[in-house]
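Reviewing the structure listed below.
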Amino acid sequence: MEAYETPGGDRVGNLQPLSPDLNEQCRAFAEALRSLFAGLRPAVSVRRYSSRRHLSPGALSRYLSGQRIPSWDFVQDLLTDVGADRGSVATPETIELLRSLHAAALQTSASVSHAVQQLQFQLAEADRLSRRSAAHSDVLGDALLDKNHRIADLELRLNQLESDWARERARADEIALYTGDREELLLEKQALEKEVARLEAELGEALRRQLEAESRCELLERQLIVAEQQAGADPLRIEPPLPAPTVTSRPRVLIVDDQPANLVALEAVLAAADWDVLAVASGPDALKALLQHNDIAVIVLDVQMPGMDGYATAAQIKSRAQTRDIPIIFVTAIGSDPQNTLRGYDAGAVDFIIKPFDPWVLRAKVTVLTGMYLHYRGTPRAMPPEQPAHTAADWLLPTARRHTG
């Protein structure tokens with residue numbers, strides 16, 4: 001991010017100093033925010049800018065001193081104001097840097113309020129991906145319609161040429177000219193048919209990603225409700241909660257990590273709840289546990305493990321009819337790279353959480369998925385005996401299809 005000089009004196013000098021207890025990620029984001037605030041022209045005090053943006057001076061001061069992490073909307077408003085004062089627009093690199101610093105700061109904060117902010121940020125990202133996928137689907141649909149119209153036009157012209165050829169068969173010189181035109185049109189038609197096949201495949205992939213994004217949006221909304229309830233807030237419910245299940249037995253949460261310290265931490269976070277925790281240290285042990293227990297509602301799976309890693313373990317789980325519907329939450333220290341995230345979703349994960357993880361966020365995600373498991377396990381359904389019982393994953397895709405029509 002480009003540095004901003006402070007006009008008319010040291011405006012940030014009157015701010016509260018950065019707390020010495022800040023971790024590296026929160027300190028980096030707070031310093032970037034202070035640098036951005038210093039770019040406002042002419043010089044604006046904390047009290048004056050807080051009035052402009054309808055904030056309390058104390059809240060703005062805590063944002064700039066790193067004591068609290070603001071929402072991404074606040075960062076966007078500050079970028080807009082600095083751009084207007086400087087007569088320029090923030091570059092994509094600047095926006096992306098601030099977004100990554102903001103996400104990293106949220107990841108390393110473990111309070112309930114920050115867990116709500118983190119889920120709100122994830123929900124906004126999932127909604128942005130869904131809207132982008134929908135727009136991409138519209139563009140591909142228009143292109144597919146245009147190509148099909150062109151094929152229909154070529155077929156009509158070919159039929160006309162076939163009719164002309166039948167009438168003029170005796171005229172060899174015209175037949176020779178016709179043959180050249182016919183071959184050219186046939187080649188164009190074949191090329192367009194290949195293009196249509198490619199567009200249909202790309203459209204199918206775009207619709208699949210839109211379906212997954214909508215499913216993730218709805219799952220994150222339910223997780224956000226749980227996190228807000230933990231924070232003591234009154235969450236806005238988009239739709240009513242699931243009815244109470246009719247079963248009384250406790251579900252199991254299977255956690256898989258090759259590091260004993262990580263298993264202890266995960267057990268501590270997920271203990272004393274409405275489920276039992278089953279911990280194993282490898283992918284093969286996880287597959288054995290799934291064969292021995294038929295009441296596992298959620299799998300919390302580490303990605304980086306020796307031998308059979310998380311991706312390979314998830315592929316084995318999804319290949320078995322008895323376990324393929326169990327929702328998987330990937331836990332990884334690789335980072336939030338989109339390629340790693342997409343690879344996890346392609347392997348069968350319904351959610352992704354980055355180390356060091358926020359315990360409130362993890363508990364919210366597991367709470368929602370075990371609730372779905374209990375609801376569908378306790379709801380009688382007519383099905384052939386050979387089909388597996390419904391799980392939380394059965395609920396996810398039909399819900400997304402309601403949104404995509």
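Naming scheme: A, B, ... for chains in displayed order of the structure tokens; residues 1 onward per chain; ligands 1 onward as shown.
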Quick one: residues within 8 Å of region 140-146 of chain A, only C-alpha atoms counted, chain neighbours fewer than 3 positions away excluded, as a VMD selection string? chain A and resid 136 to 137 149 to 150 196 199 to 200 202 to 203
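From CA of Ala268 (chain A) back to CA of Leu290 (chain A), the distance works out to 21.9 Å.
You will find CA of Phe352 (chain A) at 8.0 Å from CA of Thr332 (chain A).
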